[in-house]
Amino acid sequence: MRKKVIAGNWKMNMLPNEAIGFITELTPLVKSATHDVVLCVPYTDLFYALLTAQNTNIRIGAQNMSQYEKGAYTGEIAAPMLKSIGVSHVIIGHSERRQYFNETDEAVNEKVKSAFNHGLEPIVCVGETLEQREAGKVDEVITSQMQKALDGLTTEQVQKTILAYEPIWAIGTGKTASKEDANEAIKAIRNKIAEIYGQMTADSVIILYGGSVKSTNAKELFEMSDIDGGLVGGASLKVEEFSKIVNYDTQK
Ligand code: PEP
């Protein structure tokens, strides 16, 4: 059975003192969670977050990384740098990076490879725009993004990839995909993985849903057959709200 993963994406929020306070408060609230808890924080919070989360079940991720390993790339952060301080996960290909920073499918693919080469667990985002949804192109768009992101990986690496289906129209808008639509889209990704890499691999890949997840809709989403947890933006900035999402399975 696949484990569930609940990952927060703080985006460009939280100063180090806020990160320390947040994780200190969150720790007792999620200590009994049976699934993986990850917080993807800004680069400047990483070290503080890692120290505060030591000896807890909270793991710390980054929100982006360079596709290059080292060298003259001013302002970039490479996978070995993240790994060396104890970062475990990294979000790759978030729609905000694709949209505002021109991140291409090719760059996403190189970043995923570099993450694996350096022992980081990538959380790879795919998702359609509203126009693409209205044109009936959801499956085509998201399976193509997935294929390009995973191109050239070994089957074992594909099995270890965490994918996040994040419809762009649902990110930060308060609009959530219905649990049925989210599950269908994730099933389409899983079926394509089965076609390319085999059923065993498809059955083991963790695929999250992201897009306005809140404590009030987490349970119905995460209990769907193919949704293995969530990538949570806005609602991961409030300790109590995020802890309720993490503990969705204890809700009545
Ligand atoms: C995200 O940033 O990945 C996200 C899903 O944001 P939000 O939960 O705020 O929609």
# chains A, B, ... in the order shown; residues from 1 in each chain; ligands from 1

$ closest_atom_pairs --of "chain A" --to "ligand 1" --cutoff "7 Å" --atoms "only C-alpha atoms and all ligand atoms" --output "tab-separated table"
residue	atom	partner	partner_atom_place_in_ligand_line	distance
A:Asn9	CA	ligand 1	2 (O)	5.5
A:Lys11	CA	ligand 1	2 (O)	6.6
A:His94	CA	ligand 1	3 (O)	6.8
A:Glu166	CA	ligand 1	5 (C)	6.3
A:Ala170	CA	ligand 1	10 (O)	5.8
A:Ile171	CA	ligand 1	10 (O)	3.3
A:Gly172	CA	ligand 1	10 (O)	3.6
A:Thr173	CA	ligand 1	10 (O)	6.2
A:Gly174	CA	ligand 1	10 (O)	6.7
A:Gly210	CA	ligand 1	5 (C)	4.1
A:Gly211	CA	ligand 1	10 (O)	3.7
A:Ser212	CA	ligand 1	10 (O)	3.6
A:Val213	CA	ligand 1	8 (O)	5.2
A:Leu231	CA	ligand 1	3 (O)	5.4
A:Val232	CA	ligand 1	8 (O)	4.2
A:Gly233	CA	ligand 1	6 (O)	3.3
A:Gly234	CA	ligand 1	9 (O)	3.7
A:Ala235	CA	ligand 1	8 (O)	6.0

$ write_last_selection --atoms "all heavy atoms" --output "short mmCIF file (atom, residue, chain, number, x, y, z; two decimals), in the first residue's frame"
data_model
loop_
_atom_site.label_atom_id
_atom_site.label_comp_id
_atom_site.auth_asym_id
_atom_site.auth_seq_id
_atom_site.Cartn_x
_atom_site.Cartn_y
_atom_site.Cartn_z
N ASN A 9 3.84 23.95 1.24
CA ASN A 9 4.67 24.80 0.39
C ASN A 9 4.47 26.23 0.87
O ASN A 9 3.44 26.83 0.59
CB ASN A 9 4.24 24.64 -1.08
CG ASN A 9 4.93 25.64 -2.00
OD1 ASN A 9 5.94 26.24 -1.63
ND2 ASN A 9 4.38 25.83 -3.19
N LYS A 11 5.93 28.83 -0.07
CA LYS A 11 6.22 29.83 -1.12
C LYS A 11 7.15 30.91 -0.54
O LYS A 11 7.99 30.60 0.30
CB LYS A 11 4.92 30.41 -1.67
CG LYS A 11 3.90 29.33 -2.01
CD LYS A 11 2.80 29.81 -2.89
CE LYS A 11 1.77 28.71 -3.04
NZ LYS A 11 0.85 28.93 -4.12
N HIS A 94 6.96 23.58 -10.09
CA HIS A 94 5.72 24.20 -9.60
C HIS A 94 5.20 25.14 -10.68
O HIS A 94 5.98 25.80 -11.36
CB HIS A 94 5.99 24.96 -8.29
CG HIS A 94 4.73 25.38 -7.60
ND1 HIS A 94 4.02 26.48 -8.00
CD2 HIS A 94 4.04 24.83 -6.57
CE1 HIS A 94 2.94 26.60 -7.23
NE2 HIS A 94 2.93 25.60 -6.35
N GLU A 166 -1.57 19.45 -9.72
CA GLU A 166 -2.03 20.74 -9.24
C GLU A 166 -2.66 21.53 -10.38
O GLU A 166 -1.94 22.21 -11.15
CB GLU A 166 -0.85 21.55 -8.68
CG GLU A 166 -0.15 20.89 -7.53
CD GLU A 166 0.49 21.93 -6.61
OE1 GLU A 166 1.28 22.76 -7.10
OE2 GLU A 166 0.16 21.93 -5.43
N ALA A 170 -6.72 26.12 -9.66
CA ALA A 170 -7.11 25.85 -8.27
C ALA A 170 -6.06 26.32 -7.27
O ALA A 170 -6.28 26.29 -6.07
CB ALA A 170 -7.35 24.35 -8.08
N ILE A 171 -4.90 26.78 -7.78
CA ILE A 171 -3.82 27.15 -6.86
C ILE A 171 -4.02 28.57 -6.35
O ILE A 171 -4.05 29.53 -7.14
CB ILE A 171 -2.45 27.02 -7.56
CG1 ILE A 171 -2.22 25.55 -7.94
CG2 ILE A 171 -1.33 27.52 -6.65
CD1 ILE A 171 -0.90 25.29 -8.60
N GLY A 172 -4.18 28.67 -5.05
CA GLY A 172 -4.29 29.97 -4.40
C GLY A 172 -5.57 30.72 -4.73
O GLY A 172 -5.68 31.91 -4.45
N THR A 173 -6.54 30.04 -5.33
CA THR A 173 -7.76 30.73 -5.77
C THR A 173 -8.94 30.43 -4.86
O THR A 173 -10.00 31.06 -5.00
CB THR A 173 -8.15 30.25 -7.19
OG1 THR A 173 -8.32 28.82 -7.13
CG2 THR A 173 -7.10 30.60 -8.21
N GLY A 174 -8.78 29.44 -3.98
CA GLY A 174 -9.92 29.03 -3.16
C GLY A 174 -10.81 28.03 -3.90
O GLY A 174 -11.71 27.45 -3.33
N GLY A 210 -2.90 19.00 -5.27
CA GLY A 210 -2.67 20.33 -4.72
C GLY A 210 -3.57 21.35 -5.40
O GLY A 210 -3.83 21.26 -6.61
N GLY A 211 -4.05 22.30 -4.63
CA GLY A 211 -4.92 23.35 -5.18
C GLY A 211 -6.01 23.65 -4.16
O GLY A 211 -7.02 22.95 -4.09
N SER A 212 -5.73 24.67 -3.31
CA SER A 212 -6.70 25.12 -2.30
C SER A 212 -7.17 24.00 -1.37
O SER A 212 -8.35 23.92 -1.02
CB SER A 212 -7.88 25.82 -2.98
OG SER A 212 -7.43 26.97 -3.68
N VAL A 213 -6.22 23.15 -0.97
CA VAL A 213 -6.54 22.14 0.06
C VAL A 213 -6.68 22.88 1.39
O VAL A 213 -5.89 23.76 1.72
CB VAL A 213 -5.44 21.06 0.17
CG1 VAL A 213 -5.68 20.16 1.37
CG2 VAL A 213 -5.35 20.24 -1.11
N LEU A 231 -0.26 18.54 -1.60
CA LEU A 231 0.72 19.62 -1.58
C LEU A 231 -0.10 20.88 -1.25
O LEU A 231 -1.01 21.24 -2.00
CB LEU A 231 1.44 19.75 -2.92
CG LEU A 231 2.52 20.83 -3.03
CD1 LEU A 231 3.59 20.67 -1.95
CD2 LEU A 231 3.20 20.78 -4.40
N VAL A 232 0.22 21.48 -0.11
CA VAL A 232 -0.65 22.50 0.47
C VAL A 232 0.08 23.84 0.50
O VAL A 232 1.14 23.93 1.13
CB VAL A 232 -1.04 22.08 1.91
CG1 VAL A 232 -2.04 23.08 2.50
CG2 VAL A 232 -1.59 20.65 1.95
N GLY A 233 -0.48 24.85 -0.15
CA GLY A 233 0.15 26.17 -0.16
C GLY A 233 -0.35 27.03 0.99
O GLY A 233 0.10 26.91 2.14
N GLY A 234 -1.32 27.89 0.71
CA GLY A 234 -1.81 28.88 1.68
C GLY A 234 -2.12 28.29 3.05
O GLY A 234 -1.76 28.87 4.08
N ALA A 235 -2.76 27.14 3.07
CA ALA A 235 -3.19 26.56 4.36
C ALA A 235 -2.02 25.96 5.15
O ALA A 235 -2.21 25.56 6.29
CB ALA A 235 -4.26 25.49 4.11
#

$ residues_around --residues "A:Gly230" --least-positions-apart "4" --cutoff "10 Å" --atoms "only C-alpha atoms" --output "count of residues only"
21

$ atom_distance --atom1 "atom CA of A:Ile206" --atom2 "atom CA of A:Asp228"
5.8 Å

$ closest_residue --among "A:Ala202, A:Ile193, A:Ala135, A:Leu130" --to "A:Arg2" --atoms "only C-alpha atoms"
A:Ala202

$ residues_around --residues "A:Val30" --least-positions-apart "2" --cutoff "9 Å" --atoms "only C-alpha atoms" --output "MDAnalysis selection string"
chainID A and resid 26:28 32:33 37 57:58 243:244 246:247

$ select_by_dssp --residues "stretch 36-95 of chain A" --states "alpha helix (DSSP H)" --output "count of residues only"
18

$ closest_residue --among "A:Met12, A:Glu220, A:Phe47, A:Glu110" --to "A:Glu180" --atoms "only C-alpha atoms"
A:Glu220

$ residues_around --residues "A:Pro167" --least-positions-apart "6" --cutoff "9 Å" --atoms "only C-alpha atoms" --output "PyMOL selection string"
chain A and resi 95+126-130+133+138+176-177+182+209-211

$ write_last_selection --atoms "N, CA, C and O atoms" --output "mmCIF file, in the first residue's frame"
data_model
loop_
_atom_site.group_PDB
_atom_site.id
_atom_site.type_symbol
_atom_site.label_atom_id
_atom_site.label_comp_id
_atom_site.auth_asym_id
_atom_site.auth_seq_id
_atom_site.Cartn_x
_atom_site.Cartn_y
_atom_site.Cartn_z
ATOM 1 N N SER A 95 3.891 25.246 -10.800
ATOM 2 C CA SER A 95 3.320 26.064 -11.890
ATOM 3 C C SER A 95 3.750 27.524 -11.784
ATOM 4 O O SER A 95 3.862 28.213 -12.801
ATOM 5 N N VAL A 126 2.602 18.856 -11.880
ATOM 6 C CA VAL A 126 1.991 18.961 -13.209
ATOM 7 C C VAL A 126 0.580 19.514 -13.029
ATOM 8 O O VAL A 126 -0.001 19.364 -11.960
ATOM 9 N N GLY A 127 0.056 20.162 -14.060
ATOM 10 C CA GLY A 127 -1.308 20.683 -13.931
ATOM 11 C C GLY A 127 -1.712 21.495 -15.133
ATOM 12 O O GLY A 127 -0.860 22.064 -15.823
ATOM 13 N N GLU A 128 -3.004 21.544 -15.368
ATOM 14 C CA GLU A 128 -3.533 22.222 -16.551
ATOM 15 C C GLU A 128 -4.083 23.608 -16.207
ATOM 16 O O GLU A 128 -4.457 23.870 -15.063
ATOM 17 N N THR A 129 -4.145 24.481 -17.211
ATOM 18 C CA THR A 129 -4.787 25.792 -17.037
ATOM 19 C C THR A 129 -6.304 25.610 -17.196
ATOM 20 O O THR A 129 -6.762 24.557 -17.659
ATOM 21 N N LEU A 130 -7.040 26.661 -16.872
ATOM 22 C CA LEU A 130 -8.497 26.610 -17.020
ATOM 23 C C LEU A 130 -8.874 26.430 -18.498
ATOM 24 O O LEU A 130 -9.767 25.644 -18.836
ATOM 25 N N ARG A 133 -8.435 22.921 -19.463
ATOM 26 C CA ARG A 133 -9.522 22.089 -18.907
ATOM 27 C C ARG A 133 -10.783 22.261 -19.742
ATOM 28 O O ARG A 133 -11.439 21.288 -20.110
ATOM 29 N N VAL A 138 -7.251 18.005 -20.280
ATOM 30 C CA VAL A 138 -6.588 17.758 -18.988
ATOM 31 C C VAL A 138 -5.619 16.580 -19.063
ATOM 32 O O VAL A 138 -4.425 16.717 -18.776
ATOM 33 N N THR A 176 -11.299 24.488 -5.440
ATOM 34 C CA THR A 176 -10.676 23.161 -5.367
ATOM 35 C C THR A 176 -11.297 22.289 -6.448
ATOM 36 O O THR A 176 -12.494 22.391 -6.704
ATOM 37 N N ALA A 177 -10.475 21.422 -7.048
ATOM 38 C CA ALA A 177 -11.062 20.440 -7.972
ATOM 39 C C ALA A 177 -11.976 19.541 -7.151
ATOM 40 O O ALA A 177 -11.695 19.288 -5.978
ATOM 41 N N ALA A 182 -10.323 15.365 -9.323
ATOM 42 C CA ALA A 182 -8.923 15.226 -8.918
ATOM 43 C C ALA A 182 -8.505 13.762 -9.014
ATOM 44 O O ALA A 182 -7.428 13.432 -9.534
ATOM 45 N N TYR A 209 -2.479 15.564 -4.521
ATOM 46 C CA TYR A 209 -3.331 16.604 -5.113
ATOM 47 C C TYR A 209 -2.947 17.941 -4.479
ATOM 48 O O TYR A 209 -2.715 18.009 -3.256
ATOM 49 N N GLY A 210 -2.905 18.997 -5.269
ATOM 50 C CA GLY A 210 -2.670 20.334 -4.724
ATOM 51 C C GLY A 210 -3.572 21.347 -5.404
ATOM 52 O O GLY A 210 -3.828 21.258 -6.610
ATOM 53 N N GLY A 211 -4.051 22.304 -4.634
ATOM 54 C CA GLY A 211 -4.924 23.347 -5.177
ATOM 55 C C GLY A 211 -6.011 23.650 -4.162
ATOM 56 O O GLY A 211 -7.018 22.949 -4.090
#

$ residues_around --residues "A:Ala115" --least-positions-apart "6" --cutoff "10 Å" --atoms "only C-alpha atoms" --output "MDAnalysis selection string"
chainID A and resid 65:67 69 78:80 82:83 88:92 109 121:123

$ closest_residue --among "A:Asn191, A:Thr143, A:Thr155, A:Thr161" --to "A:Val124" --atoms "only C-alpha atoms"
A:Thr161

$ atom_distance --atom1 "atom CA of A:Tyr68" --atom2 "atom CA of A:Leu120"
14.3 Å
